[in-house]
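Novice: Below is one structure. I have some questions about it.
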Amino acid sequence: MPVELRKRKAPAPAPVPERPAKKQSKVAKAAAKVKTTVKAAVAKPAADTNGSSKSGKPVVGETITLDGFGGEVETNDGIKTDLKALVDESEAGVVLFTYPKASTPGCTNQVCLFRDSYADLTKDGLLIYGLSADSPKANTTFKTKQNLTYPLLCDPSQTLIGAIGLKKTPKGTTRGVFVVDKSGKVLLAEPGSPAGTVDAVKKLVASGTIAVAKKEAADKPTNGKAAEDKKTAEIADKEAE
């Protein structure tokens, strides 16, 4: 009887080993990093190039439009006014120093330092104003108690304080100082300590910048009436001779 041969089952194929992941080359890594950086730069808003267009904060050397700048404020005596009106009343420009709260120790020190330096700071035609978010009543009490020689401005809505870049978020006032000349040119805009704000204005006056601004304002009549008044004065001087 013939022997039956059984067929062997074919062995299962050996598993194909996975290829190890290729290591990223230095060039590829650098390219990926650059790509990520570019994406982040596109997503992020462009930085402010001049310090004022994006942030809204005026910077030294910039000329602002005085009309409507900072909205309306009120003196401690209850008189409505704005920055343009204050500048128009001055011979050379305006100093606004900000303080967080009337009748507190640091603010008392600050207003008294401006009071004691008032003659030196205003000799070239600057006008001095304290500016805070306090009420007229609080600022009147503060002014009277400290015998201040200049008005205090009340800005409870902080429109002017915010416009000069000294408003805290979400609420509050940063101590600082802002100086603008008759043409609207910003001469000083910075936060500072009670003494630091006074010293900054002293340095500005000592530099001769204010005297020059005063002369330029005097030599440049702002309207026809001013020009007519100047001509009349010149004729009167000649007749007197």
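Scheme for the structure tokens: letters A, B, ... for chains in order shown; per-chain residue numbers from 1; ligand numbers from 1 in order shown.
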Pick out the residues sitting within 8 Å of A:Tyr99, and hand them over as a list in words; count only C-alpha atoms, and ignore anything fewer than 3 positions along from it in its own chain.

Specialist: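 So the residues in contact are Ala102, Cys107, Gln110, Gly130, Leu131, Ser132, Thr173, Thr174, Arg175 and Gly176 of chain A.
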
Novice: As a list of chain:residue names, please: the residues near A:Ala211 (cut-off 8 Å, only C-alpha atoms, same-chain neighbours under 5 positions excluded).

Specialist: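 Using only C-alpha atoms, the neighbours found are A:Ala92, A:Asp124, A:Gly125, A:Val205.
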
Novice: Please provide as a PyMOL selection string all residues within 12 Å of A:Lys168, with the sequence filter that same-chain residues fewer than 2 positions apart are discarded (counting only C-alpha atoms).

Specialist: chain A and resi 98-100+133+158-159+161-166+170-176+191

Novice: Which is closest to A:Ser157 among A:Thr197, A:Ser135, A:Thr122, A:Thr141, if we use only C-alpha atoms?

Specialist: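 Of A:Thr197, A:Ser135, A:Thr122, A:Thr141, the one nearest A:Ser157, counting only C-alpha atoms, is A:Ser135.
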
Novice: Would you mind telling me which residue in A:Gly70, A:Gly184, A:Gly78, A:Pro194 lies nearest to A:Thr108 when using only C-alpha atoms?

Specialist: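 Result for the nearest residue to A:Thr108: A:Pro194.
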
Novice: Nearest to A:Gly56 among A:Lys167, A:Lys137, A:Lys123, A:Lys220, with distances taken over only C-alpha atoms: which residue is it?

Specialist: A:Lys167

Novice: Could you name the residues that touch A:Ser183 at 10 Å or less, counting only C-alpha atoms, but leaving out those on the same chain fewer than 4 positions away, as a list in words?

Specialist: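 Residues near the query, excluding close chain neighbours: Thr63, Ile64, Thr65, Leu66, Val87, Asp88, Ala92, Gly93, Ala213, Glu216, Ala217 and Thr222 of chain A.
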
Novice: Output N, CA, C and O atoms for every residue in that selection, as a tab-separated table (two decimals), in the first residue's frame.

Specialist:
chain	number	residue	atom	x	y	z
A	63	THR	N	3.49	116.64	18.39
A	63	THR	CA	2.57	117.77	18.45
A	63	THR	C	1.15	117.25	18.42
A	63	THR	O	0.74	116.59	17.47
A	64	ILE	N	0.42	117.52	19.49
A	64	ILE	CA	-0.96	117.02	19.60
A	64	ILE	C	-1.94	118.10	19.13
A	64	ILE	O	-1.62	119.29	19.09
A	65	THR	N	-3.13	117.68	18.76
A	65	THR	CA	-4.20	118.61	18.41
A	65	THR	C	-4.91	119.00	19.70
A	65	THR	O	-5.54	118.16	20.35
A	66	LEU	N	-4.80	120.25	20.08
A	66	LEU	CA	-5.33	120.69	21.36
A	66	LEU	C	-6.86	120.70	21.39
A	66	LEU	O	-7.46	120.45	22.43
A	87	VAL	N	-4.19	126.18	27.76
A	87	VAL	CA	-2.99	126.56	27.00
A	87	VAL	C	-3.14	127.97	26.44
A	87	VAL	O	-2.19	128.77	26.46
A	88	ASP	N	-4.32	128.31	25.95
A	88	ASP	CA	-4.56	129.64	25.40
A	88	ASP	C	-4.37	130.74	26.44
A	88	ASP	O	-3.96	131.86	26.13
A	92	ALA	N	3.36	130.47	27.68
A	92	ALA	CA	4.31	129.53	27.08
A	92	ALA	C	3.83	128.09	27.06
A	92	ALA	O	4.39	127.26	26.34
A	93	GLY	N	2.80	127.75	27.82
A	93	GLY	CA	2.33	126.37	27.87
A	93	GLY	C	1.80	126.01	29.24
A	93	GLY	O	1.68	126.86	30.12
A	213	ALA	N	10.07	128.65	23.74
A	213	ALA	CA	8.67	128.43	23.36
A	213	ALA	C	7.85	129.69	23.56
A	213	ALA	O	6.97	130.02	22.74
A	216	GLU	N	8.70	132.18	20.74
A	216	GLU	CA	8.10	131.75	19.48
A	216	GLU	C	6.60	132.03	19.46
A	216	GLU	O	6.05	132.44	18.44
A	217	ALA	N	5.94	131.82	20.60
A	217	ALA	CA	4.50	132.08	20.70
A	217	ALA	C	4.21	133.57	20.56
A	217	ALA	O	3.23	133.97	19.93
A	222	THR	N	-1.72	134.38	16.69
A	222	THR	CA	-2.59	133.24	16.40
A	222	THR	C	-3.79	133.61	15.56
A	222	THR	O	-4.45	132.74	15.02

Novice: Give the strand (DSSP E or B) residues of stretch 134-223 of chain A, as DSSP finds them on the backbone, and put them as a list in words.

Specialist: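 Selecting the strand (DSSP E or B) positions of stretch 134-223 of chain A gives Leu152, Leu153, Cys154, Lys167, Thr173, Gly176, Val177, Phe178, Val179, Val180, Asp181, Lys185, Val186, Leu187, Leu188, Ala189, Glu190 and Pro191 of chain A.
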
Novice: Could you take the residues named above and write them with N, CA, C and O atoms, as a CSV table (one decimal), in the first residue's frame?

Specialist:
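That gives us again_1.csv:
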chain,number,residue,atom,x,y,z
A,152,LEU,N,-6.6,123.4,41.0
A,152,LEU,CA,-6.6,121.9,40.9
A,152,LEU,C,-7.8,121.5,40.0
A,152,LEU,O,-8.9,122.0,40.1
A,153,LEU,N,-7.5,120.7,39.0
A,153,LEU,CA,-8.4,120.2,38.0
A,153,LEU,C,-9.1,118.9,38.4
A,153,LEU,O,-8.4,118.0,38.9
A,154,CYS,N,-10.4,118.8,38.2
A,154,CYS,CA,-11.1,117.6,38.6
A,154,CYS,C,-11.5,116.9,37.4
A,154,CYS,O,-12.2,117.4,36.5
A,167,LYS,N,-3.5,107.2,33.2
A,167,LYS,CA,-4.6,106.5,33.9
A,167,LYS,C,-4.3,105.0,34.1
A,167,LYS,O,-3.7,104.4,33.2
A,173,THR,N,-5.2,106.6,39.2
A,173,THR,CA,-4.4,107.6,38.5
A,173,THR,C,-2.9,107.4,38.9
A,173,THR,O,-2.6,107.2,40.0
A,176,GLY,N,2.3,111.5,37.9
A,176,GLY,CA,3.2,111.9,36.8
A,176,GLY,C,3.1,113.3,36.5
A,176,GLY,O,2.5,114.1,37.2
A,177,VAL,N,3.7,113.7,35.3
A,177,VAL,CA,3.7,115.1,34.9
A,177,VAL,C,3.7,115.2,33.4
A,177,VAL,O,4.3,114.3,32.7
A,178,PHE,N,3.0,116.2,32.9
A,178,PHE,CA,2.8,116.4,31.4
A,178,PHE,C,2.9,117.8,31.1
A,178,PHE,O,2.2,118.7,31.8
A,179,VAL,N,3.8,118.2,30.2
A,179,VAL,CA,3.9,119.6,29.8
A,179,VAL,C,3.8,119.8,28.3
A,179,VAL,O,4.3,119.0,27.5
A,180,VAL,N,3.0,120.7,27.9
A,180,VAL,CA,2.7,121.0,26.5
A,180,VAL,C,2.9,122.5,26.2
A,180,VAL,O,2.5,123.3,27.1
A,181,ASP,N,3.5,122.9,25.1
A,181,ASP,CA,3.6,124.3,24.8
A,181,ASP,C,2.5,124.9,24.0
A,181,ASP,O,1.5,124.2,23.8
A,185,LYS,N,3.0,121.1,21.2
A,185,LYS,CA,4.2,120.2,21.2
A,185,LYS,C,4.4,119.7,22.7
A,185,LYS,O,4.4,120.5,23.6
A,186,VAL,N,4.5,118.4,22.8
A,186,VAL,CA,4.7,117.8,24.1
A,186,VAL,C,6.2,117.9,24.5
A,186,VAL,O,7.1,117.4,23.8
A,187,LEU,N,6.4,118.5,25.6
A,187,LEU,CA,7.7,118.8,26.1
A,187,LEU,C,8.1,117.8,27.2
A,187,LEU,O,9.3,117.6,27.5
A,188,LEU,N,7.1,117.3,27.9
A,188,LEU,CA,7.4,116.3,29.0
A,188,LEU,C,6.2,115.4,29.2
A,188,LEU,O,5.1,115.9,29.2
A,189,ALA,N,6.4,114.2,29.4
A,189,ALA,CA,5.3,113.2,29.6
A,189,ALA,C,5.9,112.0,30.3
A,189,ALA,O,6.5,111.1,29.6
A,190,GLU,N,5.8,111.9,31.6
A,190,GLU,CA,6.4,110.8,32.3
A,190,GLU,C,5.8,110.6,33.7
A,190,GLU,O,5.3,111.6,34.3
A,191,PRO,N,5.7,109.4,34.2
A,191,PRO,CA,5.3,109.1,35.6
A,191,PRO,C,6.5,109.5,36.5
A,191,PRO,O,7.6,109.6,36.0

Novice: Can you pull out the residues contacting A:Ser103? Cut-off 10 Å, using only C-alpha atoms, and skip same-chain residues under 2 positions away; I want them as a ChimeraX atom specification.

Specialist: /A:100-101,105-109,111,138-139,141-143,145-146

Novice: The selected residues should be written to file as a compact mmCIF listing (two decimals), in the first residue's frame (atoms: N, CA and C atoms).

Specialist:
# COMPACT_ATOMS: atom_id res chain seq x y z
N PRO A 100 -2.81 110.68 42.70
CA PRO A 100 -3.86 109.67 42.88
C PRO A 100 -5.06 110.09 43.72
N LYS A 101 -4.82 110.78 44.84
CA LYS A 101 -5.95 111.12 45.72
C LYS A 101 -5.62 112.32 46.61
N PRO A 105 -0.86 111.48 52.09
CA PRO A 105 0.50 111.95 52.37
C PRO A 105 1.37 112.23 51.14
N GLY A 106 1.46 111.26 50.22
CA GLY A 106 2.31 111.47 49.05
C GLY A 106 1.82 112.61 48.18
N CYS A 107 0.52 112.73 48.02
CA CYS A 107 -0.05 113.78 47.18
C CYS A 107 0.09 115.14 47.85
N THR A 108 -0.01 115.17 49.17
CA THR A 108 0.20 116.43 49.91
C THR A 108 1.64 116.90 49.72
N ASN A 109 2.57 115.98 49.80
CA ASN A 109 3.98 116.31 49.58
C ASN A 109 4.19 116.88 48.19
N VAL A 111 1.93 118.33 46.00
CA VAL A 111 1.34 119.65 45.73
C VAL A 111 2.10 120.76 46.46
N ALA A 138 -13.57 117.89 47.24
CA ALA A 138 -12.34 117.31 47.82
C ALA A 138 -11.12 118.14 47.44
N ASN A 139 -11.06 118.60 46.18
CA ASN A 139 -9.90 119.37 45.74
C ASN A 139 -9.90 120.78 46.30
N THR A 141 -11.04 121.61 49.30
CA THR A 141 -10.57 121.42 50.68
C THR A 141 -9.05 121.24 50.69
N PHE A 142 -8.55 120.45 49.75
CA PHE A 142 -7.12 120.18 49.62
C PHE A 142 -6.36 121.47 49.33
N LYS A 143 -6.85 122.24 48.35
CA LYS A 143 -6.20 123.49 47.94
C LYS A 143 -6.16 124.50 49.08
N LYS A 145 -6.51 123.96 52.40
CA LYS A 145 -5.72 123.50 53.54
C LYS A 145 -4.22 123.66 53.30
N GLN A 146 -3.77 123.45 52.06
CA GLN A 146 -2.34 123.50 51.75
C GLN A 146 -1.90 124.86 51.18
